[in-house]
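> Got a file for you: start_39.txt, compact mmCIF, C-alpha atoms.
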# COMPACT_ATOMS: atom_id res chain seq x y z
CA MET A 719 -5.23 19.18 -39.64
CA LYS A 720 -7.34 22.31 -39.94
CA ILE A 721 -6.61 24.92 -37.30
CA ASP A 722 -9.04 27.79 -36.83
CA ASN A 723 -6.87 30.73 -35.81
CA SER A 724 -9.77 32.99 -34.88
CA LEU A 725 -10.24 30.93 -31.70
CA PRO A 726 -7.92 30.38 -28.72
CA LEU A 727 -5.47 27.56 -29.44
CA GLU A 728 -7.27 25.09 -27.17
CA TYR A 729 -10.44 25.35 -29.29
CA GLY A 730 -8.53 25.45 -32.58
CA THR A 731 -9.50 22.08 -34.07
CA GLU A 732 -12.75 20.14 -34.30
CA GLN A 733 -11.24 17.43 -32.07
CA ASN A 734 -10.29 20.06 -29.46
CA LYS A 735 -13.82 21.41 -29.26
CA MET A 736 -15.19 17.90 -28.81
CA ASN A 737 -12.62 17.15 -26.09
CA ILE A 738 -13.69 20.23 -24.15
CA PHE A 739 -17.38 19.47 -24.55
CA GLY A 740 -16.76 15.85 -23.53
CA PHE A 741 -14.98 17.02 -20.42
CA TRP A 742 -17.95 19.17 -19.45
CA ILE A 743 -20.11 16.04 -19.62
CA PHE A 744 -17.63 14.32 -17.30
CA ILE A 745 -17.89 17.29 -14.91
CA GLY A 746 -21.69 16.92 -15.01
CA ALA A 747 -21.27 13.30 -13.90
CA GLU A 748 -18.87 14.40 -11.15
CA VAL A 749 -21.47 16.88 -9.89
CA MET A 750 -23.88 13.95 -9.49
CA LEU A 751 -21.21 11.83 -7.76
CA PHE A 752 -20.61 14.51 -5.14
CA ALA A 753 -24.35 15.09 -4.82
CA THR A 754 -24.84 11.48 -3.70
CA LEU A 755 -22.03 11.91 -1.18
CA PHE A 756 -23.59 15.11 0.18
CA ALA A 757 -27.03 13.47 0.33
CA THR A 758 -25.56 10.60 2.34
CA TYR A 759 -23.64 13.03 4.55
CA PHE A 760 -26.78 15.01 5.42
CA THR A 761 -28.56 11.75 6.23
CA LEU A 762 -25.85 10.38 8.52
CA GLU A 763 -24.59 13.69 9.94
CA HIS A 764 -26.16 13.17 13.37
CA ARG A 765 -25.73 9.39 13.59
CA THR A 766 -22.63 9.70 15.69
CA GLY A 767 -23.14 6.63 17.88
CA SER A 768 -20.52 6.65 20.62
CA GLY A 769 -18.15 8.74 18.47
CA PRO A 770 -17.70 12.51 18.37
CA ALA A 771 -19.99 14.96 16.57
CA GLY A 772 -18.79 17.34 13.87
CA SER A 773 -18.87 20.35 16.18
CA GLU A 774 -16.46 18.56 18.52
CA ILE A 775 -13.80 17.68 15.94
CA PHE A 776 -13.90 20.47 13.33
CA GLU A 777 -11.27 23.18 13.72
CA LEU A 778 -11.45 26.45 11.85
CA THR A 779 -7.73 27.10 11.28
CA PRO A 780 -6.78 24.09 9.10
CA VAL A 781 -10.07 24.33 7.20
CA LEU A 782 -9.53 28.02 6.51
CA ILE A 783 -5.97 27.35 5.33
CA GLU A 784 -7.26 24.64 2.97
CA THR A 785 -9.96 26.98 1.64
CA ILE A 786 -7.67 29.94 0.98
CA VAL A 787 -4.95 27.73 -0.52
CA LEU A 788 -7.33 25.98 -2.90
CA LEU A 789 -9.04 29.24 -3.86
CA THR A 790 -5.66 30.81 -4.65
CA SER A 791 -4.56 27.78 -6.66
CA SER A 792 -7.77 28.00 -8.67
CA PHE A 793 -6.98 31.68 -9.35
CA MET A 794 -3.41 30.76 -10.34
CA ILE A 795 -4.47 28.19 -12.91
CA GLY A 796 -6.91 30.75 -14.32
CA LEU A 797 -3.94 33.09 -14.79
CA GLY A 798 -2.04 30.16 -16.30
CA VAL A 799 -4.70 29.66 -18.96
CA HIS A 800 -4.72 33.40 -19.64
CA ALA A 801 -0.92 33.39 -20.07
CA MET A 802 -1.28 30.41 -22.42
CA ARG A 803 -3.79 32.32 -24.54
CA ILE A 804 -1.44 35.25 -25.02
CA GLY A 805 1.33 32.81 -25.90
CA ARG A 806 3.46 33.29 -22.78
CA LYS A 807 4.69 29.75 -22.32
CA ASN A 808 7.09 30.40 -19.44
CA ALA A 809 4.57 32.45 -17.48
CA MET A 810 2.02 29.71 -18.05
CA ILE A 811 4.37 27.04 -16.72
CA THR A 812 5.13 29.22 -13.68
CA PHE A 813 1.42 29.70 -12.91
CA PHE A 814 0.70 25.99 -13.39
CA SER A 815 3.63 25.12 -11.07
CA ILE A 816 2.36 27.50 -8.35
CA THR A 817 -1.07 25.88 -8.77
CA LEU A 818 0.35 22.42 -8.14
CA LEU A 819 2.47 23.60 -5.20
CA LEU A 820 -0.63 25.07 -3.57
CA GLY A 821 -2.43 21.80 -4.31
CA LEU A 822 0.36 20.01 -2.51
CA VAL A 823 0.00 22.33 0.51
CA PHE A 824 -3.76 21.64 0.51
CA LEU A 825 -3.12 17.91 0.46
CA GLY A 826 -0.55 18.22 3.26
CA VAL A 827 -3.03 20.04 5.50
CA GLU A 828 -5.74 17.50 4.67
CA ILE A 829 -3.44 14.59 5.53
CA TYR A 830 -2.61 16.33 8.83
CA GLU A 831 -6.34 16.74 9.43
CA PHE A 832 -7.06 13.05 8.75
CA THR A 833 -4.28 11.80 11.06
CA HIS A 834 -5.53 14.26 13.69
CA TYR A 835 -9.07 12.82 13.38
CA ALA A 836 -7.74 9.26 13.68
CA HIS A 837 -5.75 10.39 16.72
CA ILE A 838 -8.73 11.85 18.60
CA GLY A 839 -10.92 8.83 17.98
CA ALA A 840 -12.74 9.92 14.82
CA GLY A 841 -11.45 7.28 12.42
CA LEU A 842 -13.31 5.89 9.42
CA GLN A 843 -15.02 3.04 11.31
CA VAL A 844 -16.08 4.89 14.46
CA SER A 845 -19.60 5.91 13.44
CA ALA A 846 -21.84 6.46 10.43
CA PHE A 847 -20.95 10.15 10.71
CA THR A 848 -17.16 9.74 10.65
CA GLY A 849 -17.52 7.15 7.89
CA ILE A 850 -19.39 9.45 5.51
CA LEU A 851 -17.36 12.51 6.56
CA LEU A 852 -14.05 10.86 5.69
CA THR A 853 -15.49 9.28 2.54
CA THR A 854 -16.69 12.65 1.25
CA LEU A 855 -13.49 14.50 2.17
CA GLY A 856 -11.41 11.58 0.93
CA THR A 857 -13.14 11.47 -2.45
CA HIS A 858 -12.34 15.15 -2.92
CA GLY A 859 -8.77 14.62 -1.65
CA ALA A 860 -8.29 11.70 -4.05
CA HIS A 861 -9.37 13.96 -6.92
CA VAL A 862 -6.79 16.55 -5.84
CA THR A 863 -4.10 13.85 -5.65
CA ILE A 864 -4.89 12.63 -9.17
CA GLY A 865 -4.93 16.26 -10.31
CA LEU A 866 -1.40 16.81 -8.98
CA PHE A 867 -0.01 14.00 -11.15
CA TRP A 868 -2.12 15.01 -14.14
CA GLY A 869 -0.97 18.64 -13.85
CA LEU A 870 2.65 17.60 -13.53
CA PHE A 871 2.44 15.62 -16.78
CA ILE A 872 0.76 18.57 -18.52
CA ILE A 873 3.59 20.88 -17.44
CA LEU A 874 6.22 18.39 -18.67
CA GLN A 875 4.44 18.04 -22.01
CA VAL A 876 4.15 21.80 -22.55
CA LYS A 877 7.83 22.15 -21.65
CA LYS A 878 8.82 19.47 -24.15
CA ARG A 879 6.43 20.14 -27.04
CA GLY A 880 5.61 23.82 -26.58
CA LEU A 881 2.17 25.33 -27.04
CA THR A 882 0.39 23.36 -29.77
CA PRO A 883 -3.38 22.87 -30.27
CA GLN A 884 -2.96 19.52 -28.50
CA THR A 885 -1.00 20.63 -25.43
CA ALA A 886 -3.08 23.82 -25.07
CA ASN A 887 -6.23 21.73 -25.19
CA LYS A 888 -4.96 19.34 -22.52
CA ALA A 889 -3.85 22.25 -20.31
CA PHE A 890 -7.23 23.95 -20.67
CA ILE A 891 -9.11 20.75 -19.81
CA PHE A 892 -6.90 20.29 -16.76
CA SER A 893 -7.76 23.84 -15.69
CA LEU A 894 -11.48 22.96 -15.90
CA TYR A 895 -10.87 19.96 -13.65
CA TRP A 896 -8.94 22.04 -11.13
CA HIS A 897 -11.58 24.80 -10.97
CA PHE A 898 -14.21 22.12 -10.50
CA LEU A 899 -12.33 20.73 -7.49
CA ASP A 900 -12.42 24.20 -5.99
CA VAL A 901 -16.18 24.40 -6.59
CA VAL A 902 -16.63 21.09 -4.74
CA TRP A 903 -14.48 22.37 -1.90
CA ILE A 904 -16.63 25.51 -1.57
CA PHE A 905 -19.60 23.23 -0.87
CA ILE A 906 -17.61 21.04 1.54
CA PHE A 907 -16.39 24.17 3.35
CA SER A 908 -19.89 25.64 3.59
CA PHE A 909 -22.14 22.63 4.20
CA ILE A 910 -19.87 20.27 6.09
CA TYR A 911 -17.49 22.45 8.09
CA LEU A 912 -19.23 25.80 8.60
CA LYS A 913 -22.65 24.20 8.97
CA GLY A 914 -21.15 21.74 11.48
CA MET A 915 -19.50 24.50 13.51
CA MET A 916 -22.46 26.90 13.34
CA MET B 1267 3.71 42.03 -16.26
CA SER B 1268 0.24 43.53 -15.88
CA GLU B 1269 -1.03 41.77 -19.02
CA LEU B 1270 -0.59 38.52 -17.06
CA PHE B 1271 -3.17 39.61 -14.47
CA PRO B 1272 -6.43 40.28 -16.32
CA ARG B 1273 -8.83 42.47 -14.39
CA LYS B 1274 -11.74 40.06 -14.70
CA GLN B 1275 -9.88 37.21 -13.02
CA VAL B 1276 -8.32 39.36 -10.29
CA MET B 1277 -11.77 40.75 -9.49
CA GLY B 1278 -13.19 37.21 -9.48
CA PHE B 1279 -10.53 36.14 -6.99
CA VAL B 1280 -11.10 39.14 -4.71
CA PHE B 1281 -14.84 38.56 -4.90
CA SER B 1282 -14.34 34.89 -3.93
CA LEU B 1283 -12.30 35.94 -0.91
CA VAL B 1284 -15.01 38.42 0.12
CA LEU B 1285 -17.65 35.68 -0.22
CA THR B 1286 -15.52 33.32 1.90
CA ALA B 1287 -15.27 36.03 4.56
CA ALA B 1288 -19.04 36.56 4.34
CA ALA B 1289 -19.60 32.82 4.85
CA LEU B 1290 -17.41 32.99 7.97
CA THR B 1291 -19.94 35.28 9.66
CA VAL B 1292 -22.01 32.18 10.47
CA TYR B 1293 -19.07 30.99 12.58
CA PHE B 1294 -18.17 34.24 14.29
CA LEU B 1295 -21.62 35.72 14.79
CA ASP B 1296 -24.37 34.06 16.75
CA VAL B 1297 -26.90 33.45 13.99
CA SER B 1298 -29.90 31.15 13.96
CA PHE B 1299 -29.80 27.97 11.86
CA THR B 1300 -32.17 29.38 9.22
CA VAL B 1301 -30.22 32.62 8.80
CA GLY B 1302 -26.90 30.74 8.78
CA ILE B 1303 -27.99 28.23 6.13
CA THR B 1304 -29.41 31.03 3.98
CA ILE B 1305 -26.08 32.90 4.12
CA LEU B 1306 -24.16 29.72 3.28
CA LEU B 1307 -26.45 28.81 0.37
CA ALA B 1308 -26.07 32.30 -1.08
CA THR B 1309 -22.27 32.56 -0.68
CA ALA B 1310 -21.62 28.99 -1.91
CA PHE B 1311 -23.74 29.20 -5.05
CA VAL B 1312 -22.52 32.69 -5.99
CA GLN B 1313 -18.94 31.53 -5.54
CA ALA B 1314 -19.56 28.47 -7.69
CA ALA B 1315 -21.00 30.74 -10.38
CA VAL B 1316 -17.91 33.00 -10.20
CA GLN B 1317 -15.72 29.95 -10.83
CA LEU B 1318 -17.85 28.69 -13.72
CA VAL B 1319 -18.28 31.94 -15.58
CA GLY B 1320 -15.17 33.84 -14.53
CA PHE B 1321 -12.55 31.11 -14.47
CA MET B 1322 -13.90 28.20 -16.49
CA HIS B 1323 -14.98 30.39 -19.41
CA VAL B 1324 -18.27 28.51 -20.02
CA GLY B 1325 -19.81 31.39 -21.96
CA GLU B 1326 -17.12 31.85 -24.60
CA ASN B 1327 -17.37 28.42 -26.18
CA GLU B 1328 -19.45 28.01 -29.33
CA ASP B 1329 -20.92 24.86 -27.73
CA LYS B 1330 -22.07 26.95 -24.80
CA THR B 1331 -25.76 26.11 -25.13
CA MET B 1332 -24.99 22.41 -24.86
CA ILE B 1333 -22.52 23.00 -22.01
CA TYR B 1334 -25.05 25.08 -20.05
CA MET B 1335 -27.71 22.43 -20.65
CA ASN B 1336 -25.33 19.78 -19.38
CA ILE B 1337 -24.53 21.83 -16.25
CA TYR B 1338 -28.22 22.46 -15.57
CA TYR B 1339 -28.91 18.75 -16.04
CA GLY B 1340 -26.11 17.76 -13.63
CA LEU B 1341 -27.27 20.40 -11.16
CA ALA B 1342 -30.92 19.29 -11.41
CA ILE B 1343 -30.00 15.66 -10.71
CA ALA B 1344 -27.77 16.82 -7.84
CA LEU B 1345 -30.53 18.92 -6.25
CA PHE B 1346 -33.18 16.20 -6.74
CA THR B 1347 -30.83 13.67 -5.13
CA ILE B 1348 -29.96 15.90 -2.18
CA PHE B 1349 -33.41 17.35 -1.49
CA GLY B 1350 -35.16 14.05 -2.20
CA THR B 1351 -32.92 12.40 0.36
CA LEU B 1352 -33.42 15.22 2.87
CA LEU B 1353 -37.19 15.04 2.41
CA ILE B 1354 -37.41 11.34 3.20
CA MET B 1355 -34.46 10.63 5.47
CA VAL B 1356 -34.07 13.85 7.48
CA TRP B 1357 -37.24 15.91 7.40
CA ASP B 1358 -39.35 12.75 7.65
CA MET B 1359 -42.15 13.86 5.34
How does this structure look as structure tokens?

Amino acid sequence: MKIDNSLPLEYGTEQNKMNIFGFWIFIGAEVMLFATLFATYFTLEHRTGSGPAGSEIFELTPVLIETIVLLTSSFMIGLGVHAMRIGRKNAMITFFSITLLLGLVFLGVEIYEFTHYAHIGAGLQVSAFTGILLTTLGTHGAHVTIGLFWGLFIILQVKKRGLTPQTANKAFIFSLYWHFLDVVWIFIFSFIYLKGMM
Amino acid sequence: MSELFPRKQVMGFVFSLVLTAAALTVYFLDVSFTVGITILLATAFVQAAVQLVGFMHVGENEDKTMIYMNIYYGLAIALFTIFGTLLIMVWDM
């Protein structure tokens, strides 16, 4: 296998470059997936039927915790990739672990939020609004959940095999996925929560 | 230790926090819908750009032209979907 040493390890082979480009195409498709969810949300936002409206159920504190936690985890994985590029394997694993822990905190708060909604009569089947709200949030939450397992396997692989063009490439692609989840959350935070509470 | 915290990424993180705080003004201050939505659009899209360029390193790849084209394509479809839906279903035009 030909490794180009002038580039960071994760771009080092032809296959690596194609993997990264392919993942960007996947992210493009994900952008469209979330766009359809947002379009549906904006359509059904005020169709609350006999259920509550967004302004009645949204609370700033848990949402702000989720936002800060996810933003910090996105920063952490960025530091992880940087550590990987300067060959600091242990630092990289530490940063990736902090990333996943913060992801876990995010998920915990979101699960609390969902049970709270169900508790106050804003479950999935109450109205068109709660349906699309929980579908949009849930799709993002499902991505985070998958990301936690994916990230865990990446950490285990780097631990076992060290930093090779393959493991570095996988770790970098995972970082793209994680940053993308934060980007989606920024839009959820702004156009679902803040807009709803405005 | 300090080589583990590159300036560019730390600044990107601080900037993201500032933008989040700026977005919160729509909650704490009594702003009109138009002003609020304008603030949110600005803070959200700038923050997304910080993530893409600062953290996801789009620009440093030799395939960057294709990656940018792919992002613009995804974004165009996203905006057409969202604003097309708004136009017909919400604004009733």
> Give the answer as one residue: which of B:Gln1313, B:Thr1331, B:Ser1268, B:Thr1300 has the shortest atom-to-atom distance to chain A, using all atoms listed in the file?
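Distance minimum relative to chain A lands on B:Gln1313.
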> Report as lines of an AutoDock Vina configuration file the centre and the edge lengths, in Å to one decimal, of the axis-aligned box holding every listed atom of stretch 775-786 of chain A, padded by 6 Å on each side.

center_x = -9.9
center_y = 23.8
center_z = 8.5
size_x = 19.9
size_y = 24.3
size_z = 27.0
> Please, what distance in Å, to one decimal, runs between atom CA of B:Leu1270 and atom CA of A:Thr817?
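Between atom CA of B:Leu1270 and atom CA of A:Thr817 the gap works out to 15.1 Å.
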> One decimal, Å: what's the distance from atom CA of B:Leu1341 over to atom CA of A:Val749, could you say?
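Pair atom CA of B:Leu1341 / atom CA of A:Val749 returns 6.9 Å.
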> Would you pick out the contacts of B:Val1319 at 12 Å or less, using all atoms listed in the file, so that residues sharing its chain but fewer than 3 positions from it are not included, and give the list as a PDB file with C-alpha atoms, keeping the file's coordinate frame?

ATOM      1  CA  GLY A 796      -6.910  30.750 -14.320  1.00  0.00           C
ATOM      2  CA  LEU A 894     -11.480  22.960 -15.900  1.00  0.00           C
ATOM      3  CA  HIS A 897     -11.580  24.800 -10.970  1.00  0.00           C
ATOM      4  CA  PHE A 898     -14.210  22.120 -10.500  1.00  0.00           C
ATOM      5  CA  VAL A 901     -16.180  24.400  -6.590  1.00  0.00           C
TER       6      VAL A 901
ATOM      7  CA  LYS B1274     -11.740  40.060 -14.700  1.00  0.00           C
ATOM      8  CA  GLN B1275      -9.880  37.210 -13.020  1.00  0.00           C
ATOM      9  CA  GLY B1278     -13.190  37.210  -9.480  1.00  0.00           C
ATOM     10  CA  VAL B1312     -22.520  32.690  -5.990  1.00  0.00           C
ATOM     11  CA  GLN B1313     -18.940  31.530  -5.540  1.00  0.00           C
ATOM     12  CA  ALA B1314     -19.560  28.470  -7.690  1.00  0.00           C
ATOM     13  CA  ALA B1315     -21.000  30.740 -10.380  1.00  0.00           C
ATOM     14  CA  VAL B1316     -17.910  33.000 -10.200  1.00  0.00           C
ATOM     15  CA  MET B1322     -13.900  28.200 -16.490  1.00  0.00           C
ATOM     16  CA  HIS B1323     -14.980  30.390 -19.410  1.00  0.00           C
ATOM     17  CA  VAL B1324     -18.270  28.510 -20.020  1.00  0.00           C
ATOM     18  CA  GLY B1325     -19.810  31.390 -21.960  1.00  0.00           C
ATOM     19  CA  GLU B1326     -17.120  31.850 -24.600  1.00  0.00           C
ATOM     20  CA  ASN B1327     -17.370  28.420 -26.180  1.00  0.00           C
ATOM     21  CA  LYS B1330     -22.070  26.950 -24.800  1.00  0.00           C
ATOM     22  CA  ILE B1333     -22.520  23.000 -22.010  1.00  0.00           C
ATOM     23  CA  TYR B1334     -25.050  25.080 -20.050  1.00  0.00           C
ATOM     24  CA  ILE B1337     -24.530  21.830 -16.250  1.00  0.00           C
TER      25      ILE B1337
END
> Could you give me, as a ChimeraX atom specification, the residues within 12 Å of stretch 870-877 of chain A, counting all atoms listed in the file and dropping anything in the same chain fewer than 3 positions from it?
/A:795,798,802,805-819,821-822,863-867,880-893
> Please measure the separation of atom CA of A:Leu820 and atom CA of A:Leu912, giving the value in Å to one decimal.
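Going from atom CA of A:Leu820 over to atom CA of A:Leu912 covers 22.2 Å.
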> Go through A:Ile850, A:Ala757, A:Leu751, A:Ala771 one by one, measure the shortest atom-to-atom distance of each to B:Thr1347 using only C-alpha atoms, and give the residue with the smallest value.
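Between A:Ile850, A:Ala757, A:Leu751, A:Ala771, the residue approaching B:Thr1347 most closely is A:Ala757.
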> Anything within 10 Å of (-27.0, 9.5, 11.4): list those residues as JSON, numbers by chain, counting all atoms listed in the file and sticking to the file's coordinates.
{"A": [758, 759, 760, 761, 762, 763, 764, 765, 766, 767, 845, 846, 847, 848, 850], "B": [1355, 1356]}
> Up to 9 Å from chain A, what residues of chain B turn up? Count only C-alpha atoms and give them as a PyMOL selection string.
chain B and resi 1269-1272+1275-1276+1278-1279+1282-1283+1286+1289-1290+1292-1299+1302-1303+1306-1307+1309-1311+1313-1315+1317-1318+1320-1323+1327-1330+1332-1333+1336-1341+1343-1345+1347-1352+1355-1356
> For the residues in the current selection, export C-alpha atoms as an mmCIF file, in the coordinates of the input.

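Result file result38.cif:
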data_model
loop_
_atom_site.group_PDB
_atom_site.id
_atom_site.type_symbol
_atom_site.label_atom_id
_atom_site.label_comp_id
_atom_site.auth_asym_id
_atom_site.auth_seq_id
_atom_site.Cartn_x
_atom_site.Cartn_y
_atom_site.Cartn_z
ATOM 1 C CA GLU B 1269 -1.030 41.770 -19.020
ATOM 2 C CA LEU B 1270 -0.590 38.520 -17.060
ATOM 3 C CA PHE B 1271 -3.170 39.610 -14.470
ATOM 4 C CA PRO B 1272 -6.430 40.280 -16.320
ATOM 5 C CA GLN B 1275 -9.880 37.210 -13.020
ATOM 6 C CA VAL B 1276 -8.320 39.360 -10.290
ATOM 7 C CA GLY B 1278 -13.190 37.210 -9.480
ATOM 8 C CA PHE B 1279 -10.530 36.140 -6.990
ATOM 9 C CA SER B 1282 -14.340 34.890 -3.930
ATOM 10 C CA LEU B 1283 -12.300 35.940 -0.910
ATOM 11 C CA THR B 1286 -15.520 33.320 1.900
ATOM 12 C CA ALA B 1289 -19.600 32.820 4.850
ATOM 13 C CA LEU B 1290 -17.410 32.990 7.970
ATOM 14 C CA VAL B 1292 -22.010 32.180 10.470
ATOM 15 C CA TYR B 1293 -19.070 30.990 12.580
ATOM 16 C CA PHE B 1294 -18.170 34.240 14.290
ATOM 17 C CA LEU B 1295 -21.620 35.720 14.790
ATOM 18 C CA ASP B 1296 -24.370 34.060 16.750
ATOM 19 C CA VAL B 1297 -26.900 33.450 13.990
ATOM 20 C CA SER B 1298 -29.900 31.150 13.960
ATOM 21 C CA PHE B 1299 -29.800 27.970 11.860
ATOM 22 C CA GLY B 1302 -26.900 30.740 8.780
ATOM 23 C CA ILE B 1303 -27.990 28.230 6.130
ATOM 24 C CA LEU B 1306 -24.160 29.720 3.280
ATOM 25 C CA LEU B 1307 -26.450 28.810 0.370
ATOM 26 C CA THR B 1309 -22.270 32.560 -0.680
ATOM 27 C CA ALA B 1310 -21.620 28.990 -1.910
ATOM 28 C CA PHE B 1311 -23.740 29.200 -5.050
ATOM 29 C CA GLN B 1313 -18.940 31.530 -5.540
ATOM 30 C CA ALA B 1314 -19.560 28.470 -7.690
ATOM 31 C CA ALA B 1315 -21.000 30.740 -10.380
ATOM 32 C CA GLN B 1317 -15.720 29.950 -10.830
ATOM 33 C CA LEU B 1318 -17.850 28.690 -13.720
ATOM 34 C CA GLY B 1320 -15.170 33.840 -14.530
ATOM 35 C CA PHE B 1321 -12.550 31.110 -14.470
ATOM 36 C CA MET B 1322 -13.900 28.200 -16.490
ATOM 37 C CA HIS B 1323 -14.980 30.390 -19.410
ATOM 38 C CA ASN B 1327 -17.370 28.420 -26.180
ATOM 39 C CA GLU B 1328 -19.450 28.010 -29.330
ATOM 40 C CA ASP B 1329 -20.920 24.860 -27.730
ATOM 41 C CA LYS B 1330 -22.070 26.950 -24.800
ATOM 42 C CA MET B 1332 -24.990 22.410 -24.860
ATOM 43 C CA ILE B 1333 -22.520 23.000 -22.010
ATOM 44 C CA ASN B 1336 -25.330 19.780 -19.380
ATOM 45 C CA ILE B 1337 -24.530 21.830 -16.250
ATOM 46 C CA TYR B 1338 -28.220 22.460 -15.570
ATOM 47 C CA TYR B 1339 -28.910 18.750 -16.040
ATOM 48 C CA GLY B 1340 -26.110 17.760 -13.630
ATOM 49 C CA LEU B 1341 -27.270 20.400 -11.160
ATOM 50 C CA ILE B 1343 -30.000 15.660 -10.710
ATOM 51 C CA ALA B 1344 -27.770 16.820 -7.840
ATOM 52 C CA LEU B 1345 -30.530 18.920 -6.250
ATOM 53 C CA THR B 1347 -30.830 13.670 -5.130
ATOM 54 C CA ILE B 1348 -29.960 15.900 -2.180
ATOM 55 C CA PHE B 1349 -33.410 17.350 -1.490
ATOM 56 C CA GLY B 1350 -35.160 14.050 -2.200
ATOM 57 C CA THR B 1351 -32.920 12.400 0.360
ATOM 58 C CA LEU B 1352 -33.420 15.220 2.870
ATOM 59 C CA MET B 1355 -34.460 10.630 5.470
ATOM 60 C CA VAL B 1356 -34.070 13.850 7.480
#
> Mind dumping stretch 814-840 of chain A from that block, keeping C-alpha atoms, as a short mmCIF file (atom, residue, chain, number, x, y, z; two decimals), in the first residue's frame?

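Writing done, so here's decode.cif:
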data_model
loop_
_atom_site.label_atom_id
_atom_site.label_comp_id
_atom_site.auth_asym_id
_atom_site.auth_seq_id
_atom_site.Cartn_x
_atom_site.Cartn_y
_atom_site.Cartn_z
CA PHE A 814 -12.39 10.91 22.33
CA SER A 815 -13.45 9.43 25.69
CA ILE A 816 -14.45 12.87 27.04
CA THR A 817 -16.41 13.40 23.81
CA LEU A 818 -18.37 10.20 24.34
CA LEU A 819 -18.97 10.93 28.03
CA LEU A 820 -20.41 14.32 27.12
CA GLY A 821 -22.51 12.58 24.45
CA LEU A 822 -23.81 10.30 27.16
CA VAL A 823 -24.71 13.30 29.36
CA PHE A 824 -26.52 14.85 26.38
CA LEU A 825 -28.47 11.65 25.84
CA GLY A 826 -29.32 11.43 29.55
CA VAL A 827 -30.76 14.94 29.56
CA GLU A 828 -32.69 14.23 26.37
CA ILE A 829 -34.18 11.04 27.83
CA TYR A 830 -35.17 13.04 30.94
CA GLU A 831 -36.76 15.62 28.63
CA PHE A 832 -38.73 12.99 26.71
CA THR A 833 -40.08 11.30 29.87
CA HIS A 834 -40.95 14.76 31.20
CA TYR A 835 -42.92 15.52 28.00
CA ALA A 836 -44.75 12.18 28.23
CA HIS A 837 -45.50 12.99 31.87
CA ILE A 838 -47.08 16.38 31.20
CA GLY A 839 -49.25 15.09 28.38
CA ALA A 840 -47.05 15.83 25.38
#
